[in-house]
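Asks: Questions regarding the structure given below will be posed in turn.
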Amino acid sequence: MSNSEHAPRPIAQPLHRQLRDLMMARIDAGEWSPGTYLPPETRLAEEYGVAVGTLRKALLDMAAEGVVVRRQGKGTVVASHDSDAVLFRFFNLRRPDGSTLRPESRVLSRARIRGSAEDVRALGLADGAELVCITRVREVEGAPILYEHILLDAARFSALETQPEILPNTLYQLYQLDMGATVHRAHEALRAVQAEGECARELGVSDGTPLLHIRRVALDYGGAPIELRVSWVNTQSLQYETVV
């Protein structure tokens, strides 16, 4: 018996998952932009040559992922970020009682830098690529809780070096509305570190104070990196919560 007969065979995706991928690609390409209604289900089903029920399964999967919103009597619309939706989906810090926070951001600097090998690799860029680095502090009721570096491909996000003059609190909404880059999901890695230098000063803690270090890569619909965000969090009166 040949080796090829023992090789694992690829598993075909169900038809509705294939449809989901095809429609996601059109959204990612900008054919259907945020806030746009998709064509009626009957028209889409005819276009793809499938039953309406199969198409509906694909749309339900996309709705479950937060890509589209199904509105009774109106149709299916591509989801758009608003400040609250972005904040509560991607900001996982909570008070000990589980209540949410509404942090305000204070930008310390914006600069173009030469990215480290680790950082440009995380963003899927070539060695030596230039990055836009936004450094800011996030505060709750005037108390600093988080110090962070936001790193972006300078070739794509060069406008953020200077514009807008005042950056919004939730940058993901800005990326989507002004730059055609929608954050769909994110991968985070957490570890414990000690405060030092500017980070300690801005958080108002002593060098050596334990902090939570979060390294997050934000991804678009197709899984391509949009942003690398490195955060140092004072969790003395906070906790990190996520749903798994």
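Every chain in the structure tokens takes a letter, A first, then B, and so on in the order presented; its residues are numbered from 1, and the ligands are numbered from 1 following the presented order.
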Give me the residues near range 102-106 of chain A as a short mmCIF file (atom, residue, chain, number, x, y, z; two decimals) with C-alpha atoms, in the first residue's frame, where near means some atom within 6 Å (using only C-alpha atoms) and where sequence neighbours in that chain fewer than 4 positions away do not count.
Replies:
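As written to disk, part-v8.cif reads:
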data_model
loop_
_atom_site.label_atom_id
_atom_site.label_comp_id
_atom_site.auth_asym_id
_atom_site.auth_seq_id
_atom_site.Cartn_x
_atom_site.Cartn_y
_atom_site.Cartn_z
CA ARG A 136 -1.08 56.75 26.22
CA VAL A 137 -2.49 56.33 29.72
CA ARG A 138 -6.02 55.21 30.47
CA GLU A 139 -7.71 56.56 33.58
CA VAL A 140 -10.86 55.77 35.52
CA ASN A 169 -11.01 57.10 23.27
#
Asks: Hey, what's within 12 Å of range 191-199 of chain A if we count only C-alpha atoms and toss same-chain stuff fewer than 5 positions away? As a CSV table (one decimal) with N, CA, C and O atoms, in the first residue's frame, please?
Replies:
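What follows is the written file part06.csv:
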chain,number,residue,atom,x,y,z
A,108,LEU,N,0.2,60.5,25.4
A,108,LEU,CA,1.5,61.1,25.9
A,108,LEU,C,2.3,61.4,24.7
A,108,LEU,O,3.0,62.4,24.7
A,135,THR,N,1.6,56.3,22.5
A,135,THR,CA,1.8,56.0,23.9
A,135,THR,C,0.7,56.8,24.6
A,135,THR,O,0.6,58.0,24.5
A,136,ARG,N,0.0,56.1,25.5
A,136,ARG,CA,-1.1,56.8,26.2
A,136,ARG,C,-1.3,56.1,27.6
A,136,ARG,O,-0.9,55.0,27.8
A,137,VAL,N,-2.1,56.8,28.4
A,137,VAL,CA,-2.5,56.3,29.7
A,137,VAL,C,-4.0,56.3,29.7
A,137,VAL,O,-4.7,57.2,29.2
A,138,ARG,N,-4.6,55.3,30.3
A,138,ARG,CA,-6.0,55.2,30.5
A,138,ARG,C,-6.4,55.3,32.0
A,138,ARG,O,-5.7,54.7,32.8
A,144,PRO,N,-5.0,56.8,37.1
A,144,PRO,CA,-4.4,56.0,36.0
A,144,PRO,C,-4.4,54.5,36.4
A,144,PRO,O,-4.0,54.1,37.5
A,145,ILE,N,-4.9,53.7,35.4
A,145,ILE,CA,-4.9,52.2,35.7
A,145,ILE,C,-4.1,51.5,34.6
A,145,ILE,O,-3.7,50.3,34.8
A,146,LEU,N,-3.8,52.1,33.5
A,146,LEU,CA,-3.2,51.4,32.4
A,146,LEU,C,-2.3,52.3,31.6
A,146,LEU,O,-2.6,53.4,31.2
A,147,TYR,N,-1.1,51.8,31.3
A,147,TYR,CA,-0.1,52.5,30.4
A,147,TYR,C,0.1,51.6,29.2
A,147,TYR,O,0.2,50.4,29.3
A,148,GLU,N,0.1,52.2,28.0
A,148,GLU,CA,0.2,51.3,26.8
A,148,GLU,C,0.9,51.9,25.6
A,148,GLU,O,0.9,53.2,25.5
A,149,HIS,N,1.4,51.0,24.8
A,149,HIS,CA,2.0,51.4,23.5
A,149,HIS,C,1.1,50.7,22.4
A,149,HIS,O,0.8,49.5,22.5
A,204,GLY,N,1.7,56.1,38.7
A,204,GLY,CA,1.8,56.6,40.0
A,204,GLY,C,2.2,55.5,41.0
A,204,GLY,O,1.7,55.5,42.2
A,205,VAL,N,3.0,54.6,40.6
A,205,VAL,CA,3.4,53.5,41.5
A,205,VAL,C,5.0,53.4,41.6
A,205,VAL,O,5.7,54.0,40.8
A,206,SER,N,5.5,52.7,42.5
A,206,SER,CA,6.9,52.6,42.7
A,206,SER,C,7.5,51.5,41.8
A,206,SER,O,6.8,50.6,41.3
A,207,ASP,N,8.8,51.7,41.4
A,207,ASP,CA,9.4,50.7,40.6
A,207,ASP,C,9.3,49.4,41.3
A,207,ASP,O,9.5,49.3,42.6
A,208,GLY,N,9.1,48.3,40.6
A,208,GLY,CA,9.0,47.0,41.2
A,208,GLY,C,7.6,46.6,41.6
A,208,GLY,O,7.3,45.4,41.9
A,209,THR,N,6.6,47.5,41.5
A,209,THR,CA,5.2,47.2,41.8
A,209,THR,C,4.7,46.2,40.7
A,209,THR,O,4.9,46.3,39.5
A,210,PRO,N,4.0,45.1,41.2
A,210,PRO,CA,3.5,44.1,40.2
A,210,PRO,C,2.4,44.7,39.3
A,210,PRO,O,1.6,45.4,39.8
A,211,LEU,N,2.6,44.4,38.0
A,211,LEU,CA,1.6,44.8,37.0
A,211,LEU,C,1.2,43.6,36.2
A,211,LEU,O,2.0,42.6,36.1
A,212,LEU,N,0.1,43.7,35.5
A,212,LEU,CA,-0.4,42.8,34.5
A,212,LEU,C,0.1,43.3,33.2
A,212,LEU,O,-0.3,44.4,32.8
A,213,HIS,N,0.8,42.5,32.4
A,213,HIS,CA,1.3,42.8,31.1
A,213,HIS,C,0.4,42.1,30.1
A,213,HIS,O,0.3,40.9,30.1
A,214,ILE,N,-0.2,42.9,29.1
A,214,ILE,CA,-1.1,42.3,28.1
A,214,ILE,C,-0.5,42.7,26.7
A,214,ILE,O,-0.3,43.8,26.4
A,215,ARG,N,-0.3,41.7,25.9
A,215,ARG,CA,0.2,41.9,24.6
A,215,ARG,C,-0.9,41.4,23.6
A,215,ARG,O,-1.2,40.2,23.6
A,216,ARG,N,-1.6,42.3,23.0
A,216,ARG,CA,-2.7,42.0,22.1
A,216,ARG,C,-2.5,42.3,20.7
A,216,ARG,O,-2.0,43.4,20.3
A,230,VAL,N,0.5,46.9,23.5
A,230,VAL,CA,1.2,46.3,24.7
A,230,VAL,C,0.8,47.2,25.9
A,230,VAL,O,1.0,48.4,25.9
A,231,SER,N,0.2,46.6,26.9
A,231,SER,CA,-0.4,47.3,28.0
A,231,SER,C,0.2,46.8,29.3
A,231,SER,O,0.5,45.6,29.5
A,232,TRP,N,0.4,47.8,30.2
A,232,TRP,CA,0.8,47.5,31.6
A,232,TRP,C,-0.3,48.0,32.5
A,232,TRP,O,-0.7,49.1,32.5
A,233,VAL,N,-0.9,47.1,33.3
A,233,VAL,CA,-2.1,47.4,34.1
A,233,VAL,C,-1.8,47.3,35.6
A,233,VAL,O,-1.3,46.2,36.0
A,234,ASN,N,-2.3,48.3,36.3
A,234,ASN,CA,-2.2,48.2,37.8
A,234,ASN,C,-3.6,47.6,38.2
A,234,ASN,O,-4.6,48.2,38.2
A,235,THR,N,-3.5,46.3,38.6
A,235,THR,CA,-4.7,45.6,39.0
A,235,THR,C,-5.0,45.6,40.5
A,235,THR,O,-5.7,44.7,41.0
A,240,TYR,N,-9.1,41.0,35.7
A,240,TYR,CA,-9.2,40.7,34.3
A,240,TYR,C,-10.3,39.6,34.1
A,240,TYR,O,-10.2,38.6,34.7
Asks: To one decimal place, how far is CA of Leu174 in chain A from CA of Ile113 in chain A in Å?
Replies: 21.3 Å
Asks: Just want the 12 Å neighbourhood of Ser33 in chain A, counted on only C-alpha atoms, with same-chain residues fewer than 6 positions away dropped. Output as a compact mmCIF listing (two decimals) with C-alpha atoms, in the first residue's frame.
Replies:
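Output saved as result.txt:
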# COMPACT_ATOMS: atom_id res chain seq x y z
CA MET A 23 -19.26 36.54 2.14
CA MET A 24 -16.65 37.38 4.80
CA ALA A 25 -14.13 37.90 1.99
CA ARG A 26 -16.45 40.39 0.30
CA ILE A 27 -16.89 42.31 3.55
CA VAL A 67 -19.87 40.41 11.76
CA VAL A 68 -23.46 41.19 10.78
CA VAL A 77 -26.55 44.75 7.95
CA VAL A 78 -22.77 44.66 8.27
CA ALA A 79 -21.98 45.47 11.88
CA SER A 80 -20.28 48.76 12.61
CA HIS A 81 -18.27 49.57 15.71
CA GLN A 176 -13.07 51.16 10.84
CA LEU A 177 -14.69 54.45 9.90
CA ASP A 178 -11.68 56.38 8.59
CA MET A 179 -9.23 53.71 7.45
CA GLY A 180 -11.31 50.77 6.33
CA ALA A 181 -9.74 48.43 8.89
CA THR A 182 -12.22 46.51 11.03
Asks: Measure the distance from CA of Asp153 in chain A to CA of Ser109 in chain A in Å and round it to one decimal.
Replies: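 CA of Asp153 in chain A sits 16.6 Å away from CA of Ser109 in chain A.
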Asks: From a backbone DSSP assignment, name each residue in range 68-99 of chain A labelled alpha helix (DSSP H), as a list in words.
Replies: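 Across range 68-99 of chain A, those assigned alpha helix (DSSP H) are Ser83, Asp84, Ala85, Val86, Leu87, Phe88, Arg89 and Phe90 of chain A.
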Asks: Which of these residues is nearest to Ala154 in chain A, using only C-alpha atoms: A:Ala129, A:Leu93, A:Ala186, A:Leu238?
Replies: A:Ala129
Asks: So what do you get for CA of Leu19 in chain A versus CA of His187 in chain A, distance-wise?
Replies: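 Here the two named atoms are 25.0 Å from each other.
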Asks: Using DSSP on the backbone coordinates, identify the residues of chain A assigned to strand (DSSP E); present them as a short mmCIF file (atom, residue, chain, number, x, y, z; two decimals) with N, CA, C and O atoms, in the first residue's frame.
Replies:
data_model
loop_
_atom_site.label_atom_id
_atom_site.label_comp_id
_atom_site.auth_asym_id
_atom_site.auth_seq_id
_atom_site.Cartn_x
_atom_site.Cartn_y
_atom_site.Cartn_z
N VAL A 68 -22.26 40.56 11.30
CA VAL A 68 -23.46 41.19 10.78
C VAL A 68 -24.52 41.23 11.88
O VAL A 68 -24.41 40.53 12.89
N VAL A 69 -25.53 42.04 11.65
CA VAL A 69 -26.68 42.13 12.57
C VAL A 69 -27.94 41.88 11.76
O VAL A 69 -28.15 42.53 10.73
N ARG A 70 -28.74 40.94 12.21
CA ARG A 70 -30.00 40.63 11.52
C ARG A 70 -31.12 41.45 12.15
O ARG A 70 -31.36 41.33 13.36
N ARG A 71 -31.79 42.28 11.36
CA ARG A 71 -32.82 43.16 11.87
C ARG A 71 -34.18 42.73 11.33
O ARG A 71 -34.39 42.72 10.11
N GLY A 75 -33.69 43.26 7.26
CA GLY A 75 -32.63 42.54 6.57
C GLY A 75 -31.40 42.38 7.43
O GLY A 75 -31.46 42.49 8.66
N THR A 76 -30.28 42.13 6.77
CA THR A 76 -29.01 41.88 7.46
C THR A 76 -28.03 42.99 7.11
O THR A 76 -27.79 43.28 5.94
N VAL A 77 -27.46 43.62 8.14
CA VAL A 77 -26.55 44.75 7.95
C VAL A 77 -25.17 44.39 8.48
O VAL A 77 -25.04 43.65 9.46
N VAL A 78 -24.14 44.86 7.79
CA VAL A 78 -22.77 44.66 8.27
C VAL A 78 -22.58 45.47 9.54
O VAL A 78 -22.87 46.67 9.58
N LEU A 93 -11.07 44.55 31.62
CA LEU A 93 -10.83 44.88 33.02
C LEU A 93 -12.15 45.24 33.70
O LEU A 93 -12.97 45.96 33.13
N ARG A 94 -12.33 44.73 34.90
CA ARG A 94 -13.55 44.96 35.65
C ARG A 94 -13.22 45.27 37.11
O ARG A 94 -12.12 44.99 37.59
N GLU A 104 -10.97 56.73 30.36
CA GLU A 104 -10.68 57.84 29.47
C GLU A 104 -9.19 57.80 29.13
O GLU A 104 -8.36 57.43 29.97
N SER A 105 -8.86 58.18 27.91
CA SER A 105 -7.48 58.05 27.44
C SER A 105 -6.77 59.40 27.40
O SER A 105 -7.37 60.42 27.02
N ARG A 106 -5.51 59.38 27.78
CA ARG A 106 -4.65 60.58 27.71
C ARG A 106 -3.42 60.21 26.90
O ARG A 106 -2.61 59.38 27.30
N VAL A 107 -3.28 60.82 25.71
CA VAL A 107 -2.16 60.51 24.83
C VAL A 107 -0.90 61.24 25.31
O VAL A 107 -0.92 62.45 25.53
N LEU A 108 0.18 60.48 25.45
CA LEU A 108 1.46 61.05 25.86
C LEU A 108 2.32 61.43 24.67
O LEU A 108 3.02 62.45 24.70
N SER A 109 2.30 60.60 23.63
CA SER A 109 3.14 60.87 22.46
C SER A 109 2.66 60.07 21.26
O SER A 109 1.98 59.05 21.40
N ARG A 110 3.04 60.59 20.08
CA ARG A 110 2.85 59.86 18.82
C ARG A 110 4.15 59.99 18.05
O ARG A 110 4.67 61.10 17.89
N ALA A 111 4.68 58.88 17.56
CA ALA A 111 5.97 58.93 16.89
C ALA A 111 6.09 57.80 15.88
O ALA A 111 5.43 56.76 16.01
N ARG A 112 6.94 58.01 14.90
CA ARG A 112 7.29 56.95 13.95
C ARG A 112 8.59 56.33 14.45
O ARG A 112 9.57 57.03 14.73
N ILE A 113 8.59 55.01 14.56
CA ILE A 113 9.76 54.30 15.09
C ILE A 113 10.12 53.14 14.17
O ILE A 113 9.33 52.71 13.34
N ARG A 114 11.35 52.64 14.34
CA ARG A 114 11.76 51.42 13.67
C ARG A 114 11.34 50.26 14.55
O ARG A 114 11.78 50.15 15.69
N GLU A 130 8.83 50.35 9.51
CA GLU A 130 8.54 51.47 10.40
C GLU A 130 7.12 51.34 10.95
O GLU A 130 6.20 50.89 10.26
N LEU A 131 6.98 51.77 12.21
CA LEU A 131 5.69 51.69 12.88
C LEU A 131 5.30 53.06 13.42
O LEU A 131 6.17 53.87 13.76
N VAL A 132 4.00 53.30 13.50
CA VAL A 132 3.49 54.43 14.27
C VAL A 132 3.27 53.93 15.69
O VAL A 132 2.60 52.91 15.89
N CYS A 133 3.85 54.63 16.65
CA CYS A 133 3.71 54.24 18.05
C CYS A 133 2.94 55.33 18.80
O CYS A 133 3.39 56.49 18.85
N ILE A 134 1.80 54.96 19.34
CA ILE A 134 1.00 55.86 20.17
C ILE A 134 1.16 55.42 21.61
O ILE A 134 0.85 54.26 21.94
N THR A 135 1.63 56.30 22.46
CA THR A 135 1.78 55.99 23.88
C THR A 135 0.71 56.77 24.65
O THR A 135 0.57 57.97 24.46
N ARG A 136 -0.03 56.07 25.47
CA ARG A 136 -1.08 56.75 26.22
C ARG A 136 -1.33 56.08 27.57
O ARG A 136 -0.89 54.96 27.82
N VAL A 137 -2.06 56.81 28.41
CA VAL A 137 -2.49 56.33 29.72
C VAL A 137 -4.01 56.30 29.72
O VAL A 137 -4.66 57.20 29.15
N ARG A 138 -4.57 55.27 30.33
CA ARG A 138 -6.02 55.21 30.47
C ARG A 138 -6.36 55.35 31.95
O ARG A 138 -5.74 54.72 32.81
N GLU A 139 -7.35 56.20 32.20
CA GLU A 139 -7.71 56.56 33.58
C GLU A 139 -9.18 56.27 33.84
O GLU A 139 -10.01 56.33 32.93
N VAL A 140 -9.48 55.94 35.06
CA VAL A 140 -10.86 55.77 35.52
C VAL A 140 -11.07 56.71 36.70
O VAL A 140 -10.35 56.62 37.70
N ALA A 143 -7.96 58.40 37.99
CA ALA A 143 -6.85 57.57 38.49
C ALA A 143 -6.30 56.72 37.35
O ALA A 143 -7.04 56.00 36.68
N PRO A 144 -4.98 56.79 37.10
CA PRO A 144 -4.40 55.99 36.02
C PRO A 144 -4.41 54.50 36.38
O PRO A 144 -4.04 54.11 37.48
N ILE A 145 -4.86 53.69 35.42
CA ILE A 145 -4.89 52.25 35.65
C ILE A 145 -4.07 51.48 34.61
O ILE A 145 -3.70 50.33 34.85
N LEU A 146 -3.79 52.12 33.48
CA LEU A 146 -3.19 51.38 32.38
C LEU A 146 -2.27 52.28 31.56
O LEU A 146 -2.64 53.41 31.22
N TYR A 147 -1.09 51.79 31.27
CA TYR A 147 -0.11 52.47 30.41
C TYR A 147 0.09 51.58 29.19
O TYR A 147 0.24 50.36 29.33
N GLU A 148 0.08 52.17 27.98
CA GLU A 148 0.16 51.30 26.81
C GLU A 148 0.89 51.93 25.63
O GLU A 148 0.94 53.15 25.48
N HIS A 149 1.44 51.04 24.80
CA HIS A 149 1.99 51.38 23.49
C HIS A 149 1.09 50.74 22.44
O HIS A 149 0.82 49.54 22.50
N ILE A 150 0.64 51.53 21.47
CA ILE A 150 -0.16 51.04 20.36
C ILE A 150 0.69 51.15 19.11
O ILE A 150 1.16 52.24 18.75
N LEU A 151 0.93 50.02 18.46
CA LEU A 151 1.86 49.95 17.33
C LEU A 151 1.11 49.57 16.06
O LEU A 151 0.36 48.58 16.04
N LEU A 152 1.36 50.34 15.00
CA LEU A 152 0.66 50.16 13.72
C LEU A 152 1.63 50.29 12.56
O LEU A 152 2.65 51.00 12.66
N ASP A 153 1.31 49.64 11.47
CA ASP A 153 2.11 49.74 10.25
C ASP A 153 2.11 51.19 9.75
O ASP A 153 1.06 51.73 9.39
N ARG A 185 -11.44 40.34 15.79
CA ARG A 185 -11.10 39.59 17.00
C ARG A 185 -9.68 39.94 17.41
O ARG A 185 -8.99 40.68 16.71
N ALA A 186 -9.25 39.41 18.53
CA ALA A 186 -7.92 39.74 19.04
C ALA A 186 -7.33 38.54 19.76
O ALA A 186 -8.05 37.73 20.35
N HIS A 187 -6.02 38.45 19.70
CA HIS A 187 -5.30 37.41 20.45
C HIS A 187 -4.48 38.11 21.53
O HIS A 187 -3.73 39.05 21.25
N GLU A 188 -4.62 37.65 22.77
CA GLU A 188 -3.92 38.28 23.89
C GLU A 188 -3.03 37.27 24.60
O GLU A 188 -3.39 36.09 24.75
N ALA A 189 -1.88 37.75 25.06
CA ALA A 189 -0.98 36.97 25.91
C ALA A 189 -0.74 37.78 27.18
O ALA A 189 -0.40 38.97 27.10
N LEU A 190 -0.91 37.15 28.34
CA LEU A 190 -0.81 37.84 29.63
C LEU A 190 0.33 37.26 30.45
O LEU A 190 0.58 36.06 30.43
N ARG A 191 1.01 38.15 31.19
CA ARG A 191 2.02 37.70 32.14
C ARG A 191 2.20 38.77 33.20
O ARG A 191 1.75 39.91 33.05
N ALA A 192 2.87 38.40 34.27
CA ALA A 192 3.15 39.35 35.36
C ALA A 192 4.51 39.99 35.16
O ALA A 192 5.47 39.32 34.76
N VAL A 193 4.59 41.31 35.38
CA VAL A 193 5.85 42.05 35.28
C VAL A 193 5.94 43.03 36.44
O VAL A 193 5.01 43.15 37.25
N GLN A 194 7.07 43.75 36.48
CA GLN A 194 7.26 44.79 37.49
C GLN A 194 7.29 46.16 36.83
O GLN A 194 7.84 46.33 35.74
N PRO A 210 4.04 45.10 41.18
CA PRO A 210 3.53 44.09 40.25
C PRO A 210 2.45 44.68 39.32
O PRO A 210 1.56 45.39 39.77
N LEU A 211 2.58 44.37 38.04
CA LEU A 211 1.62 44.81 37.04
C LEU A 211 1.23 43.62 36.16
O LEU A 211 1.97 42.65 36.05
N LEU A 212 0.06 43.74 35.53
CA LEU A 212 -0.36 42.77 34.52
C LEU A 212 0.07 43.30 33.16
O LEU A 212 -0.26 44.42 32.78
N HIS A 213 0.82 42.48 32.42
CA HIS A 213 1.30 42.84 31.09
C HIS A 213 0.44 42.11 30.06
O HIS A 213 0.30 40.89 30.09
N ILE A 214 -0.17 42.88 29.15
CA ILE A 214 -1.05 42.30 28.12
C ILE A 214 -0.49 42.67 26.75
O ILE A 214 -0.29 43.84 26.44
N ARG A 215 -0.26 41.66 25.95
CA ARG A 215 0.21 41.87 24.57
C ARG A 215 -0.90 41.37 23.64
O ARG A 215 -1.18 40.18 23.57
N ARG A 216 -1.55 42.31 22.97
CA ARG A 216 -2.73 41.99 22.15
C ARG A 216 -2.46 42.31 20.69
O ARG A 216 -2.03 43.42 20.34
N VAL A 217 -2.76 41.34 19.83
CA VAL A 217 -2.74 41.56 18.39
C VAL A 217 -4.18 41.57 17.90
O VAL A 217 -4.90 40.57 18.05
N ALA A 218 -4.61 42.69 17.34
CA ALA A 218 -5.96 42.82 16.80
C ALA A 218 -5.97 42.39 15.34
O ALA A 218 -5.09 42.78 14.57
N LEU A 219 -6.97 41.58 14.97
CA LEU A 219 -7.01 40.96 13.65
C LEU A 219 -8.27 41.37 12.89
O LEU A 219 -9.32 41.61 13.49
N PRO A 225 -3.16 40.84 10.85
CA PRO A 225 -2.95 41.79 11.95
C PRO A 225 -3.22 43.23 11.52
O PRO A 225 -2.84 43.65 10.43
N ILE A 226 -3.87 43.97 12.40
CA ILE A 226 -4.09 45.40 12.21
C ILE A 226 -3.25 46.20 13.20
O ILE A 226 -2.59 47.17 12.83
N GLU A 227 -3.27 45.78 14.45
CA GLU A 227 -2.65 46.57 15.52
C GLU A 227 -2.01 45.64 16.54
O GLU A 227 -2.53 44.57 16.83
N LEU A 228 -0.87 46.08 17.08
CA LEU A 228 -0.26 45.44 18.24
C LEU A 228 -0.38 46.42 19.40
O LEU A 228 0.02 47.58 19.28
N ARG A 229 -0.94 45.96 20.51
CA ARG A 229 -1.13 46.82 21.68
C ARG A 229 -0.47 46.15 22.89
O ARG A 229 -0.82 45.02 23.25
N VAL A 230 0.47 46.87 23.50
CA VAL A 230 1.19 46.35 24.67
C VAL A 230 0.79 47.21 25.87
O VAL A 230 1.03 48.43 25.86
N SER A 231 0.18 46.59 26.87
CA SER A 231 -0.37 47.32 28.01
C SER A 231 0.22 46.83 29.32
O SER A 231 0.49 45.64 29.49
N TRP A 232 0.38 47.77 30.24
CA TRP A 232 0.81 47.47 31.61
C TRP A 232 -0.31 47.96 32.53
O TRP A 232 -0.65 49.15 32.51
N VAL A 233 -0.88 47.07 33.32
CA VAL A 233 -2.09 47.39 34.07
C VAL A 233 -1.84 47.26 35.57
O VAL A 233 -1.31 46.24 36.04
N GLN A 239 -9.73 43.52 38.20
CA GLN A 239 -9.48 42.15 37.82
C GLN A 239 -9.71 42.01 36.31
O GLN A 239 -10.43 42.81 35.70
N TYR A 240 -9.08 41.00 35.72
CA TYR A 240 -9.23 40.74 34.30
C TYR A 240 -10.26 39.63 34.13
O TYR A 240 -10.15 38.56 34.72
#
Asks: So that I can see what lies close to range 39-46 of chain A, please list as a list in words the residues with an atom at most 12 Å from it, counting only C-alpha atoms and leaving out residues fewer than 4 positions away in the same chain.
Replies: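 These residues fall inside the cut-off: His16, Leu19, Arg20, Leu22, Met23, Glu31, Trp32, Val50, Ala51, Val52, Gly53, Thr54, Leu55, Arg56, Lys57, Ala58, Leu59, Leu60, Arg70, Gly73, Lys74, Gly75, Thr76, Val77 and Val78 of chain A.
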Asks: Could the residues in this selection be saved with N, CA and C atoms as an mmCIF file, in the first residue's frame?
Replies:
data_model
loop_
_atom_site.group_PDB
_atom_site.id
_atom_site.type_symbol
_atom_site.label_atom_id
_atom_site.label_comp_id
_atom_site.auth_asym_id
_atom_site.auth_seq_id
_atom_site.Cartn_x
_atom_site.Cartn_y
_atom_site.Cartn_z
ATOM 1 N N HIS A 16 -22.670 25.749 4.132
ATOM 2 C CA HIS A 16 -22.959 27.055 4.733
ATOM 3 C C HIS A 16 -21.693 27.706 5.281
ATOM 4 N N LEU A 19 -20.003 29.289 2.317
ATOM 5 C CA LEU A 19 -20.692 30.541 2.004
ATOM 6 C C LEU A 19 -20.272 31.647 2.966
ATOM 7 N N ARG A 20 -20.193 31.282 4.232
ATOM 8 C CA ARG A 20 -19.753 32.257 5.248
ATOM 9 C C ARG A 20 -18.394 32.824 4.856
ATOM 10 N N LEU A 22 -16.983 32.988 1.881
ATOM 11 C CA LEU A 22 -17.087 33.797 0.662
ATOM 12 C C LEU A 22 -17.642 35.185 0.969
ATOM 13 N N MET A 23 -18.673 35.246 1.808
ATOM 14 C CA MET A 23 -19.262 36.542 2.143
ATOM 15 C C MET A 23 -18.338 37.354 3.051
ATOM 16 N N GLU A 31 -16.469 45.450 -0.231
ATOM 17 C CA GLU A 31 -17.629 45.455 -1.119
ATOM 18 C C GLU A 31 -18.897 45.792 -0.347
ATOM 19 N N TRP A 32 -19.005 45.234 0.864
ATOM 20 C CA TRP A 32 -20.102 45.579 1.772
ATOM 21 C C TRP A 32 -19.469 46.236 2.986
ATOM 22 N N VAL A 50 -27.580 28.367 -4.106
ATOM 23 C CA VAL A 50 -27.871 27.514 -2.945
ATOM 24 C C VAL A 50 -29.295 27.777 -2.476
ATOM 25 N N ALA A 51 -29.758 26.913 -1.591
ATOM 26 C CA ALA A 51 -31.075 27.094 -0.995
ATOM 27 C C ALA A 51 -31.039 28.253 -0.002
ATOM 28 N N VAL A 52 -32.168 28.915 0.162
ATOM 29 C CA VAL A 52 -32.246 30.031 1.110
ATOM 30 C C VAL A 52 -31.893 29.566 2.522
ATOM 31 N N GLY A 53 -32.316 28.361 2.886
ATOM 32 C CA GLY A 53 -32.001 27.844 4.214
ATOM 33 C C GLY A 53 -30.505 27.708 4.447
ATOM 34 N N THR A 54 -29.772 27.309 3.424
ATOM 35 C CA THR A 54 -28.309 27.183 3.536
ATOM 36 C C THR A 54 -27.670 28.554 3.714
ATOM 37 N N LEU A 55 -28.145 29.513 2.936
ATOM 38 C CA LEU A 55 -27.625 30.867 3.063
ATOM 39 C C LEU A 55 -27.925 31.428 4.442
ATOM 40 N N ARG A 56 -29.119 31.145 4.942
ATOM 41 C CA ARG A 56 -29.515 31.671 6.250
ATOM 42 C C ARG A 56 -28.610 31.117 7.351
ATOM 43 N N LYS A 57 -28.194 29.854 7.234
ATOM 44 C CA LYS A 57 -27.269 29.279 8.206
ATOM 45 C C LYS A 57 -25.940 30.039 8.201
ATOM 46 N N ALA A 58 -25.470 30.405 7.016
ATOM 47 C CA ALA A 58 -24.226 31.164 6.913
ATOM 48 C C ALA A 58 -24.369 32.525 7.582
ATOM 49 N N LEU A 59 -25.492 33.183 7.357
ATOM 50 C CA LEU A 59 -25.724 34.494 7.963
ATOM 51 C C LEU A 59 -25.853 34.394 9.483
ATOM 52 N N LEU A 60 -26.458 33.325 9.961
ATOM 53 C CA LEU A 60 -26.573 33.129 11.404
ATOM 54 C C LEU A 60 -25.193 32.940 12.032
ATOM 55 N N ARG A 70 -28.739 40.936 12.207
ATOM 56 C CA ARG A 70 -30.000 40.631 11.515
ATOM 57 C C ARG A 70 -31.119 41.447 12.152
ATOM 58 N N GLY A 73 -37.513 42.331 9.821
ATOM 59 C CA GLY A 73 -38.286 43.130 8.882
ATOM 60 C C GLY A 73 -37.457 44.067 8.028
ATOM 61 N N LYS A 74 -36.151 44.144 8.273
ATOM 62 C CA LYS A 74 -35.299 45.064 7.507
ATOM 63 C C LYS A 74 -34.221 44.347 6.707
ATOM 64 N N GLY A 75 -33.691 43.258 7.259
ATOM 65 C CA GLY A 75 -32.634 42.539 6.567
ATOM 66 C C GLY A 75 -31.405 42.382 7.431
ATOM 67 N N THR A 76 -30.276 42.133 6.772
ATOM 68 C CA THR A 76 -29.006 41.883 7.456
ATOM 69 C C THR A 76 -28.026 42.991 7.115
ATOM 70 N N VAL A 77 -27.456 43.620 8.141
ATOM 71 C CA VAL A 77 -26.550 44.747 7.949
ATOM 72 C C VAL A 77 -25.170 44.392 8.475
ATOM 73 N N VAL A 78 -24.139 44.863 7.795
ATOM 74 C CA VAL A 78 -22.773 44.657 8.267
ATOM 75 C C VAL A 78 -22.581 45.471 9.541
#
Asks: Of the candidates A:Tyr221, A:Ala200, A:Gly124, A:Tyr172, which one gets nearest to Arg89 in chain A if we count only C-alpha atoms?
Replies: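 With only C-alpha atoms as the atom set, the closest residue is A:Tyr172.
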